[in-house]
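File shown: coords17.txt (compact mmCIF, C-alpha atoms).
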```txt
# COMPACT_ATOMS: atom_id res chain seq x y z
CA MET D 1 -12.86 34.57 9.84
CA ALA D 2 -10.80 31.86 8.16
CA PHE D 3 -12.64 29.24 6.14
CA LEU D 4 -11.84 25.55 6.40
CA ASN D 5 -11.73 22.92 3.68
CA ASP D 6 -15.30 21.62 3.74
CA ASN D 7 -14.23 18.48 1.92
CA PHE D 8 -12.79 17.16 5.19
CA LEU D 9 -16.29 17.32 6.66
CA LYS D 10 -17.44 14.69 4.16
CA LEU D 11 -15.16 12.12 5.78
CA ARG D 12 -16.51 9.67 8.28
CA ALA D 13 -15.79 10.12 11.96
CA GLY D 14 -12.42 8.38 11.85
CA TYR D 15 -9.95 6.79 9.49
CA LEU D 16 -10.31 2.99 9.67
CA PHE D 17 -7.22 2.15 11.68
CA PRO D 18 -7.60 4.84 14.38
CA GLU D 19 -11.17 3.58 14.80
CA ILE D 20 -9.86 0.05 15.30
CA ALA D 21 -7.34 1.37 17.84
CA ARG D 22 -10.12 3.21 19.68
CA ARG D 23 -12.23 0.07 19.95
CA VAL D 24 -9.28 -2.04 21.07
CA ASN D 25 -8.29 0.52 23.70
CA THR D 26 -11.84 0.56 25.05
CA PHE D 27 -11.85 -3.23 25.25
CA CYS D 28 -8.50 -3.31 27.02
CA GLU D 29 -9.58 -0.68 29.55
CA THR D 30 -12.75 -2.59 30.41
CA HIS D 31 -11.16 -6.06 30.31
CA PRO D 32 -7.70 -5.62 31.91
CA GLU D 33 -7.00 -9.35 32.22
CA ALA D 34 -7.97 -10.10 28.63
CA ALA D 35 -5.90 -7.10 27.52
CA LYS D 36 -2.76 -9.00 28.47
CA ARG D 37 -3.64 -11.69 25.91
CA VAL D 38 -4.50 -9.46 22.97
CA ILE D 39 -2.70 -10.36 19.73
CA ARG D 40 -2.80 -7.61 17.11
CA CYS D 41 -3.30 -8.89 13.58
CA GLY D 42 -5.07 -5.76 12.35
CA ILE D 43 -2.81 -2.96 11.13
CA GLY D 44 -0.17 -4.20 8.70
CA ASP D 45 2.85 -3.04 10.70
CA VAL D 46 6.00 -5.14 10.66
CA THR D 47 7.37 -6.65 13.86
CA GLU D 48 10.81 -8.05 13.07
CA PRO D 49 14.09 -6.08 13.40
CA LEU D 50 15.65 -4.29 10.45
CA PRO D 51 18.03 -6.29 8.23
CA ALA D 52 21.59 -6.27 9.58
CA ALA D 53 22.88 -4.77 6.31
CA CYS D 54 20.58 -1.78 6.78
CA ILE D 55 21.61 -1.33 10.41
CA GLU D 56 25.27 -1.37 9.42
CA ALA D 57 24.62 1.22 6.70
CA LEU D 58 22.69 3.40 9.16
CA HIS D 59 25.54 3.36 11.68
CA LYS D 60 28.09 4.21 9.02
CA ALA D 61 25.98 7.09 7.71
CA VAL D 62 25.38 8.46 11.21
CA ASP D 63 29.14 8.41 11.82
CA GLU D 64 29.59 10.36 8.59
CA MET D 65 27.13 12.97 9.85
CA GLY D 66 29.46 13.53 12.81
CA THR D 67 32.62 13.78 10.70
CA PRO D 68 33.90 17.06 9.21
CA GLY D 69 33.95 16.85 5.44
CA LYS D 70 31.41 14.01 5.38
CA PHE D 71 28.51 15.79 7.07
CA ARG D 72 25.43 16.25 4.86
CA GLY D 73 22.87 19.03 5.11
CA TYR D 74 19.92 19.40 2.79
CA GLY D 75 19.88 16.62 0.24
CA PRO D 76 18.21 16.54 -3.18
CA GLU D 77 14.43 16.56 -2.77
CA GLN D 78 14.06 13.78 -5.35
CA GLY D 79 16.51 11.49 -3.55
CA TYR D 80 20.27 10.97 -3.60
CA ASP D 81 21.67 9.70 -6.88
CA PHE D 82 23.14 6.62 -5.20
CA LEU D 83 19.71 5.39 -4.07
CA ARG D 84 17.85 6.34 -7.24
CA HIS D 85 20.44 4.37 -9.22
CA ALA D 86 20.24 1.36 -6.89
CA ILE D 87 16.45 1.29 -7.21
CA ALA D 88 16.32 1.72 -10.97
CA GLN D 89 19.01 -0.90 -11.48
CA GLY D 90 18.00 -3.43 -8.82
CA ASP D 91 14.23 -3.32 -9.07
CA TYR D 92 13.86 -2.64 -12.77
CA ARG D 93 16.78 -2.81 -15.21
CA ASP D 94 18.18 -6.02 -13.72
CA ARG D 95 14.73 -7.49 -14.37
CA GLY D 96 14.62 -6.28 -17.96
CA ILE D 97 12.36 -3.29 -17.26
CA GLU D 98 13.16 0.14 -18.66
CA VAL D 99 13.33 2.75 -15.87
CA ALA D 100 15.85 5.61 -15.77
CA ASP D 101 17.48 6.74 -12.53
CA ASP D 102 15.84 10.15 -12.68
CA GLU D 103 12.38 8.63 -13.15
CA VAL D 104 12.64 7.44 -9.54
CA PHE D 105 11.56 9.83 -6.78
CA VAL D 106 12.46 8.90 -3.19
CA SER D 107 9.96 9.81 -0.48
CA ASP D 108 9.04 9.07 3.13
CA GLY D 109 6.24 6.64 2.29
CA SER D 110 4.07 5.28 -0.50
CA LYS D 111 0.99 6.14 1.56
CA CYS D 112 2.10 9.78 1.37
CA ASP D 113 2.82 9.54 -2.35
CA CYS D 114 -0.54 7.94 -3.14
CA GLY D 115 -2.19 11.01 -1.65
CA ASN D 116 0.31 13.65 -2.76
CA ILE D 117 0.19 12.52 -6.40
CA LEU D 118 -3.20 14.21 -6.66
CA ASP D 119 -1.41 17.57 -6.54
CA ILE D 120 -0.44 17.20 -10.19
CA PHE D 121 -3.90 16.19 -11.45
CA GLY D 122 -6.90 18.43 -12.09
CA HIS D 123 -10.36 18.34 -10.56
CA ASP D 124 -12.24 17.13 -13.64
CA ASN D 125 -11.01 13.55 -13.63
CA GLN D 126 -13.26 10.54 -13.20
CA ILE D 127 -11.55 8.58 -10.41
CA ALA D 128 -11.88 4.78 -10.32
CA VAL D 129 -11.00 2.80 -7.20
CA MET D 130 -11.14 -0.88 -6.36
CA ASP D 131 -13.75 -2.00 -3.82
CA PRO D 132 -12.65 -3.14 -1.28
CA VAL D 133 -9.90 -0.54 -1.33
CA TYR D 134 -7.03 0.80 0.76
CA PRO D 135 -8.82 3.77 2.43
CA VAL D 136 -6.08 6.29 1.60
CA TYR D 137 -7.01 6.24 -2.09
CA VAL D 138 -10.58 7.27 -1.33
CA ASP D 139 -10.05 9.64 1.58
CA THR D 140 -7.37 11.72 -0.15
CA ASN D 141 -9.65 12.22 -3.14
CA VAL D 142 -12.41 13.32 -0.79
CA MET D 143 -10.03 15.78 0.87
CA ALA D 144 -9.01 17.12 -2.55
CA GLY D 145 -12.62 17.79 -3.52
CA HIS D 146 -12.82 15.10 -6.19
CA THR D 147 -16.01 13.50 -4.84
CA GLY D 148 -19.52 14.32 -3.81
CA PRO D 149 -20.88 13.61 -0.32
CA GLY D 150 -20.89 10.23 1.38
CA ASN D 151 -23.76 7.94 0.40
CA GLU D 152 -25.91 5.29 2.05
CA PHE D 153 -23.64 2.51 0.79
CA GLY D 154 -20.63 3.81 2.69
CA GLY D 155 -18.97 5.25 -0.41
CA PHE D 156 -18.82 8.70 -1.97
CA ASP D 157 -20.80 10.04 -4.87
CA GLY D 158 -18.70 10.86 -7.90
CA LEU D 159 -16.21 7.99 -7.49
CA MET D 160 -16.31 4.98 -9.79
CA TYR D 161 -16.16 1.87 -7.63
CA LEU D 162 -14.80 -1.31 -9.20
CA PRO D 163 -16.19 -4.32 -7.28
CA CYS D 164 -13.64 -6.99 -6.36
CA THR D 165 -15.45 -10.16 -5.35
CA PRO D 166 -14.87 -13.92 -5.18
CA ALA D 167 -16.59 -14.15 -8.56
CA ASN D 168 -13.85 -12.14 -10.32
CA GLY D 169 -11.00 -13.36 -8.12
CA PHE D 170 -10.79 -9.92 -6.49
CA VAL D 171 -9.49 -8.39 -9.73
CA PRO D 172 -11.90 -5.77 -11.09
CA GLU D 173 -13.44 -6.17 -14.50
CA ILE D 174 -12.75 -3.55 -17.15
CA PRO D 175 -15.54 -0.94 -16.93
CA THR D 176 -17.70 -0.04 -19.88
CA GLU D 177 -17.60 3.65 -18.96
CA LYS D 178 -14.56 5.93 -19.12
CA ALA D 179 -12.25 6.51 -16.15
CA ASP D 180 -9.40 9.04 -16.16
CA ILE D 181 -7.42 7.95 -13.09
CA ILE D 182 -7.45 4.31 -11.96
CA TYR D 183 -6.07 2.98 -8.68
CA LEU D 184 -4.80 -0.61 -8.82
CA CYS D 185 -2.93 -2.43 -6.04
CA TYR D 186 -1.29 -5.84 -6.54
CA PRO D 187 -0.50 -7.89 -4.59
CA ASN D 188 -3.68 -6.46 -3.14
CA ASN D 189 -4.31 -4.83 0.16
CA PRO D 190 -6.67 -5.93 1.70
CA THR D 191 -7.60 -9.13 -0.17
CA GLY D 192 -4.12 -10.58 -0.75
CA ALA D 193 -5.10 -11.35 -4.37
CA THR D 194 -2.75 -11.02 -7.33
CA ALA D 195 -3.38 -9.99 -10.92
CA THR D 196 -2.21 -12.04 -13.89
CA ARG D 197 -0.22 -10.64 -16.78
CA GLU D 198 -3.33 -10.92 -18.98
CA GLN D 199 -5.46 -8.98 -16.52
CA LEU D 200 -2.92 -6.17 -16.18
CA THR D 201 -2.50 -6.10 -19.96
CA ALA D 202 -6.24 -5.51 -20.30
CA TRP D 203 -6.02 -2.58 -17.88
CA VAL D 204 -3.05 -1.05 -19.70
CA GLU D 205 -4.88 -1.35 -23.01
CA TYR D 206 -7.96 0.29 -21.45
CA ALA D 207 -5.88 3.15 -20.02
CA ARG D 208 -4.14 3.78 -23.32
CA ALA D 209 -7.41 3.69 -25.24
CA HIS D 210 -8.98 6.27 -22.90
CA GLU D 211 -5.78 8.26 -22.29
CA ALA D 212 -6.15 7.45 -18.60
CA VAL D 213 -3.47 7.14 -15.92
CA ILE D 214 -3.09 4.04 -13.74
CA LEU D 215 -1.81 4.66 -10.21
CA TYR D 216 -0.24 1.29 -9.46
CA ASP D 217 0.55 0.44 -5.83
CA ALA D 218 3.15 -2.36 -5.78
CA ALA D 219 4.13 -2.03 -2.11
CA TYR D 220 3.88 -5.80 -1.58
CA GLU D 221 5.64 -7.04 -4.73
CA ALA D 222 8.43 -8.66 -2.69
CA TYR D 223 5.91 -11.23 -1.42
CA ILE D 224 5.19 -12.68 -4.85
CA SER D 225 6.59 -16.20 -4.98
CA GLU D 226 4.63 -17.86 -7.77
CA PRO D 227 6.24 -17.60 -11.24
CA GLY D 228 4.52 -15.59 -13.94
CA ILE D 229 2.90 -13.01 -11.68
CA PRO D 230 4.06 -9.49 -12.61
CA HIS D 231 6.04 -7.63 -9.96
CA SER D 232 5.68 -4.30 -11.76
CA ILE D 233 3.10 -2.69 -14.03
CA TYR D 234 6.03 -1.83 -16.31
CA GLU D 235 6.38 -5.49 -17.22
CA ILE D 236 3.33 -4.86 -19.40
CA ALA D 237 3.98 -3.40 -22.86
CA GLY D 238 2.76 0.19 -23.10
CA ALA D 239 2.54 0.74 -19.33
CA ARG D 240 5.19 3.46 -19.38
CA GLU D 241 2.76 5.53 -21.41
CA CYS D 242 -0.07 5.26 -18.89
CA ALA D 243 1.13 4.29 -15.39
CA ILE D 244 2.79 5.64 -12.25
CA GLU D 245 4.13 3.04 -9.84
CA PHE D 246 4.45 3.31 -6.05
CA ARG D 247 6.77 1.12 -3.96
CA SER D 248 7.95 1.08 -0.39
CA PHE D 249 10.74 -0.23 1.83
CA SER D 250 8.26 -0.56 4.69
CA LYS D 251 6.95 -4.07 4.17
CA ASN D 252 9.95 -5.80 2.58
CA ALA D 253 12.76 -4.28 4.69
CA GLY D 254 10.78 -3.21 7.75
CA PHE D 255 11.13 0.55 7.25
CA THR D 256 7.74 1.46 8.77
CA GLY D 257 9.61 3.35 11.47
CA LEU D 258 12.46 4.67 9.30
CA ARG D 259 10.18 5.89 6.47
CA CYS D 260 11.44 5.44 2.92
CA ALA D 261 9.66 4.69 -0.35
CA PHE D 262 9.70 5.73 -3.97
CA THR D 263 7.48 6.58 -6.91
CA VAL D 264 8.32 6.00 -10.58
CA VAL D 265 7.03 8.60 -13.06
CA PRO D 266 8.06 7.81 -16.65
CA LYS D 267 9.13 10.80 -18.70
CA GLY D 268 6.85 9.86 -21.56
CA LEU D 269 3.69 9.79 -19.44
CA LYS D 270 1.39 12.69 -20.33
CA ALA D 271 -1.95 14.20 -19.33
CA LEU D 272 -4.18 16.86 -20.79
CA ALA D 273 -3.88 20.55 -19.88
CA LEU D 274 -6.91 22.85 -19.93
CA ASN D 275 -5.73 24.33 -23.23
CA GLY D 276 -5.96 20.88 -24.84
CA GLU D 277 -2.21 20.30 -24.94
CA ARG D 278 -0.78 16.98 -23.73
CA ARG D 279 1.95 17.70 -21.20
CA PRO D 280 4.40 15.34 -19.40
CA LEU D 281 3.73 14.60 -15.73
CA HIS D 282 7.38 13.96 -14.80
CA PRO D 283 8.39 17.66 -14.53
CA LEU D 284 5.21 18.43 -12.57
CA TRP D 285 5.97 15.76 -9.98
CA GLN D 286 9.58 16.93 -9.81
CA ARG D 287 8.39 20.49 -9.18
CA ARG D 288 5.91 19.30 -6.57
CA MET D 289 8.63 17.37 -4.72
CA SER D 290 11.07 20.30 -4.92
CA THR D 291 8.47 22.72 -3.57
CA LYS D 292 6.71 20.70 -0.86
CA PHE D 293 9.32 18.18 0.30
CA ASN D 294 12.84 18.44 1.70
CA GLY D 295 13.82 14.84 1.06
CA VAL D 296 14.42 11.69 3.11
CA SER D 297 17.32 11.83 5.54
CA TYR D 298 20.78 10.78 4.35
CA PRO D 299 21.20 7.90 6.87
CA VAL D 300 17.82 6.43 5.93
CA GLN D 301 18.65 6.56 2.23
CA ARG D 302 21.97 4.81 2.87
CA ALA D 303 20.04 2.13 4.78
CA ALA D 304 17.67 1.76 1.81
CA GLU D 305 20.63 1.46 -0.55
CA ALA D 306 21.84 -1.51 1.51
CA VAL D 307 18.67 -3.38 0.56
CA TYR D 308 20.23 -3.93 -2.86
CA THR D 309 23.48 -5.47 -1.61
CA ALA D 310 23.94 -9.23 -1.67
CA ALA D 311 23.61 -9.37 2.12
CA GLY D 312 20.57 -7.09 2.07
CA LYS D 313 18.77 -9.20 -0.51
CA ALA D 314 19.40 -12.39 1.47
CA GLN D 315 18.22 -10.84 4.73
CA ILE D 316 15.07 -9.43 3.14
CA ALA D 317 14.30 -12.82 1.64
CA GLY D 318 14.47 -14.17 5.19
CA LEU D 319 12.06 -11.53 6.47
CA VAL D 320 9.60 -12.22 3.66
CA ALA D 321 9.83 -15.97 4.31
CA HIS D 322 9.14 -15.38 8.01
CA TYR D 323 5.97 -13.40 7.38
CA MET D 324 4.76 -15.76 4.66
CA GLU D 325 5.15 -18.72 6.99
CA ASN D 326 2.98 -16.80 9.45
CA ALA D 327 0.48 -16.32 6.64
CA ARG D 328 0.42 -20.05 5.95
CA ILE D 329 -0.18 -20.84 9.62
CA LEU D 330 -3.04 -18.33 9.92
CA ARG D 331 -4.57 -19.25 6.56
CA GLU D 332 -4.67 -22.93 7.44
CA ALA D 333 -6.19 -22.20 10.84
CA CYS D 334 -9.08 -20.35 9.22
CA ALA D 335 -9.55 -23.10 6.65
CA ALA D 336 -9.59 -25.69 9.46
CA ILE D 337 -12.83 -24.20 10.82
CA SER D 338 -14.36 -24.02 7.33
CA LEU D 339 -13.97 -20.29 6.75
CA ASP D 340 -13.51 -19.17 3.14
CA VAL D 341 -9.95 -17.92 2.72
CA THR D 342 -8.20 -15.88 0.02
CA GLY D 343 -4.66 -14.47 -0.02
CA GLY D 344 -1.76 -15.41 2.21
CA ARG D 345 0.14 -16.99 -0.71
CA ASN D 346 1.72 -14.06 -2.57
CA ALA D 347 0.83 -11.40 -0.01
CA PRO D 348 1.06 -11.05 3.78
CA TYR D 349 -2.71 -10.61 4.16
CA ILE D 350 -5.39 -13.27 4.59
CA TRP D 351 -8.87 -12.27 3.45
CA VAL D 352 -11.47 -14.34 5.28
CA GLY D 353 -15.20 -14.65 4.73
CA THR D 354 -17.29 -14.24 7.86
CA PRO D 355 -19.63 -17.06 8.92
CA PRO D 356 -23.21 -16.75 7.63
CA GLY D 357 -25.22 -14.04 9.37
CA ILE D 358 -22.19 -12.31 10.94
CA GLY D 359 -21.20 -8.84 9.67
CA SER D 360 -17.65 -7.55 9.39
CA TRP D 361 -17.69 -5.34 12.50
CA ASP D 362 -19.57 -8.02 14.42
CA MET D 363 -16.79 -10.44 13.49
CA PHE D 364 -14.23 -7.87 14.64
CA ASP D 365 -15.95 -7.74 18.04
CA LEU D 366 -16.28 -11.52 18.20
CA MET D 367 -12.60 -12.10 17.46
CA LEU D 368 -11.57 -9.49 20.01
CA GLU D 369 -13.89 -10.60 22.79
CA GLU D 370 -13.70 -14.39 22.39
CA ALA D 371 -10.20 -14.95 20.98
CA ASN D 372 -8.57 -11.65 22.02
CA ILE D 373 -7.32 -11.22 18.44
CA VAL D 374 -7.45 -7.89 16.60
CA VAL D 375 -8.41 -8.19 12.92
CA THR D 376 -9.59 -5.61 10.38
CA PRO D 377 -13.28 -5.60 9.38
CA GLY D 378 -13.69 -5.87 5.64
CA SER D 379 -16.42 -3.24 5.45
CA GLY D 380 -13.82 -0.67 6.52
CA PHE D 381 -12.32 -1.09 3.05
CA GLY D 382 -15.58 -0.51 1.20
CA SER D 383 -19.03 -1.95 0.66
CA SER D 384 -17.69 -4.98 -1.22
CA GLY D 385 -15.63 -5.78 1.86
CA GLU D 386 -18.73 -6.47 3.93
CA GLY D 387 -18.83 -10.12 4.89
CA PHE D 388 -15.04 -10.39 5.14
CA PHE D 389 -12.24 -9.59 7.56
CA ARG D 390 -8.49 -9.22 7.06
CA ILE D 391 -5.77 -10.90 9.11
CA SER D 392 -2.24 -9.54 8.89
CA ALA D 393 0.70 -11.95 8.94
CA PHE D 394 3.04 -9.24 10.25
CA ASN D 395 3.80 -10.69 13.66
CA SER D 396 6.18 -12.86 15.62
CA ARG D 397 6.06 -16.60 15.00
CA ALA D 398 4.89 -17.20 18.57
CA ASN D 399 1.99 -14.79 18.14
CA ALA D 400 1.01 -16.27 14.78
CA GLU D 401 0.97 -19.78 16.22
CA GLU D 402 -0.99 -18.72 19.29
CA ALA D 403 -3.49 -16.77 17.18
CA ALA D 404 -3.93 -19.84 14.97
CA ARG D 405 -4.54 -22.02 18.02
CA ARG D 406 -7.23 -19.66 19.26
CA ILE D 407 -8.88 -19.43 15.84
CA VAL D 408 -9.09 -23.22 15.56
CA GLY D 409 -10.75 -23.27 18.97
CA MET D 410 -13.54 -20.90 17.94
CA SER D 411 -17.04 -22.07 17.06
CA PHE D 412 -19.81 -20.21 15.26
```
Rewrite the coordinates I just gave you, this time as structure tokens.
Amino acid sequence: MAFLNDNFLKLRAGYLFPEIARRVNTFCETHPEAAKRVIRCGIGDVTEPLPAACIEALHKAVDEMGTPGKFRGYGPEQGYDFLRHAIAQGDYRDRGIEVADDEVFVSDGSKCDCGNILDIFGHDNQIAVMDPVYPVYVDTNVMAGHTGPGNEFGGFDGLMYLPCTPANGFVPEIPTEKADIIYLCYPNNPTGATATREQLTAWVEYARAHEAVILYDAAYEAYISEPGIPHSIYEIAGARECAIEFRSFSKNAGFTGLRCAFTVVPKGLKALALNGERRPLHPLWQRRMSTKFNGVSYPVQRAAEAVYTAAGKAQIAGLVAHYMENARILREACAAISLDVTGGRNAPYIWVGTPPGIGSWDMFDLMLEEANIVVTPGSGFGSSGEGFFRISAFNSRANAEEAARRIVGMSF
């Protein structure tokens, strides 16, 4: 008889967002009239059409695929040179950040990369995650056997949880104990908080002192508008020696359906082998990608390349402005009924404190049943998320305004 991976049995009944979908579907089936009014502000999926520059590039690339001499079969697993160059130049070198073209690895999603990166790390690492936390960071470590069983607090034994609370501005304090792999995400999902240059510098110094690796999720960097807030971990001196950065075209250019992202692995970044030798991670990730991945499709990579054109940049700025105006509308609606609000200024998420005596899932039910609005319960992101809920600004303007109107009309 075949044996399964028992680590999967440690996981809770369902990943957070499928559980939300299940509850919403049940509500809609039992309340068919209310179902017509439901506004979904839960999962952070984009709603607006792709930028015109990307559509044009897609069409052109599809035409090439039907033209003899221009047809493309298997592409390079690490990404086409034209896109790797556009990324390294446009997102990094033009901003004064040292990143080589071949340090960029194109993939079909940063969610995938955040989980797949564990392939190149051993099982003896002390993993540190923010709390509240994007569930993928935790669940993929559980699947990989890097944790003990689930505990009474909703977490997993063996993980180091870094509390993010109003007291520390939702930026974790440097731990006194040693961590080997540290997940950081800024602008943050779910809290919408940002980290200052000084705070990220402290984390880089900690990682270098302990020879740790920071896994830095910068999927929402395009939403930073305030000056002085780092867009990349590599803006911090020494970060190339201790950090891997993940980025995505999903939330800035609307590629949630097309699927395209990238991970930066500096060539000088090293980790310890069992024989005590420090070895670079870059060739390991390249080997992993070459072995387990066949690359992102040529038309999609041409569409991603168009993001870096003058027209693409302008159109993406328009998309970001649209979602951030939604965030302002929703943030102000929550503040109008005296709810504590964080985020929604440099990130498309609003992190809202629940009224006294109301838990996160209770608030989810209340918002769904009374206002017919789907939100995300904070406890689904970890124990420190209890007492909060997340509202996504990814929506049409009409839906954002209607959701705000309903929120203002609620009473607790």
Item to complete: Write out as a ChimeraX atom specification each polymer residue whose atoms come within 10 Å of Arg331 of chain D, counting only C-alpha atoms; drop sequence neighbours fewer than 2 positions from it.
Response: /D:325-329,333-336,339-345,349-352,391,393,404
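In this structure, atom CA of Ser396 of chain D sits 23.1 Å away from atom CA of Glu56 of chain D.
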Give one line per residue of segment 334-381 of chain D that approaches segment 133-148 of chain D to at most 12 Å, naming the two atoms of the closest pair and their distance in Å to one decimal, counting only C-alpha atoms; sort by chain then ascending residue number and deliver it as CSV.
```
residue,atom,partner,partner_atom,distance
D:Thr376,CA,D:Tyr134,CA,11.8
D:Gly378,CA,D:Val133,CA,9.6
D:Ser379,CA,D:Val133,CA,9.8
D:Gly380,CA,D:Pro135,CA,7.8
D:Phe381,CA,D:Val133,CA,5.0
```
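Separating atom CA of Ala179 of chain D from atom CA of Ile120 of chain D is a distance of 17.0 Å.
One finds atom CA of Ala57 of chain D at 24.2 Å from atom CA of Phe394 of chain D.
Of the listed residues D:Phe170, D:Ser411, D:Gln315, D:Val375, the one whose atoms come nearest to Ser338 of chain D is D:Ser411, with distances taken using only C-alpha atoms.
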Residues of segment 112-192 of chain D that approach segment 248-262 of chain D to 12 Å or less, counting all atoms listed in the file: could you list each one with the shortest pair of atoms and its distance in Å to one decimal, rows by chain and increasing residue number, as a Markdown table?
```
| residue | atom | partner | partner_atom | distance |
| --- | --- | --- | --- | --- |
| D:Cys112 | CA | D:Ala261 | CA | 9.3 |
| D:Asp113 | CA | D:Phe262 | CA | 8.0 |
| D:Cys114 | CA | D:Phe262 | CA | 10.5 |
| D:Ile117 | CA | D:Phe262 | CA | 11.9 |
| D:Asn189 | CA | D:Lys251 | CA | 12.0 |
```
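Among the candidates D:Ala311, D:Arg84, D:Tyr298, D:Tyr161, the one nearest to Lys70 of chain D when counting all atoms listed in the file is D:Tyr298.
Counting all atoms listed in the file and comparing D:Gly387, D:Met1, D:Gly79, D:Glu48, the residue that lies closest to Val296 of chain D is D:Gly79.
Each of D:Thr263, D:Asn5, D:Arg95, D:Ile39 was compared to Glu402 of chain D using only C-alpha atoms, and D:Ile39 turns out to be the nearest.
Within 10 Å of Phe246 of chain D, once all atoms listed in the file are used and residues closer than 5 positions along the same chain are dropped, the contacting residues are Val104, Phe105, Gly109, Ser110, Lys111, Asp113, Cys114, Cys185, Leu215, Tyr216, Asp217, Ala218, Ala219, Ser232, Ala261, Phe262, Thr263, Val264 and Val265 of chain D.
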Padding 3 Å on every side, please: axis-aligned box over the listed atoms of segment 131-150 of chain D, centre and edge lengths to one decimal in Å, as lines of an AutoDock Vina configuration file.
```
center_x = -13.5
center_y = 7.3
center_z = -1.9
size_x = 20.8
size_y = 26.9
size_z = 14.6
```
Residue contacts of segment 234-238 of chain D (7 Å, all atoms listed in the file) excluding same-chain residues fewer than 2 positions away, as a PDB file with C-alpha atoms, in the frame of the given file:
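Below is the file result27.pdb, written as the result:
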```pdb
ATOM      1  CA  ILE D  97      12.360  -3.290 -17.260  1.00  0.00           C
ATOM      2  CA  THR D 201      -2.500  -6.100 -19.960  1.00  0.00           C
ATOM      3  CA  VAL D 204      -3.050  -1.050 -19.700  1.00  0.00           C
ATOM      4  CA  PRO D 230       4.060  -9.490 -12.610  1.00  0.00           C
ATOM      5  CA  SER D 232       5.680  -4.300 -11.760  1.00  0.00           C
ATOM      6  CA  ARG D 240       5.190   3.460 -19.380  1.00  0.00           C
ATOM      7  CA  GLU D 241       2.760   5.530 -21.410  1.00  0.00           C
TER       8      GLU D 241
END
```
Fill in: For Asp91 of chain D, the nearest of the candidates D:Asp119, D:Glu205, D:Glu332, D:Glu305, counting all atoms listed in the file
D:Glu305
Worksheet entry | Within 10 Å of Glu370 of chain D using only C-alpha atoms, minus same-chain residues under 4 positions, as a PyMOL selection string | chain D and resi 34+365-366+406-407+409-411
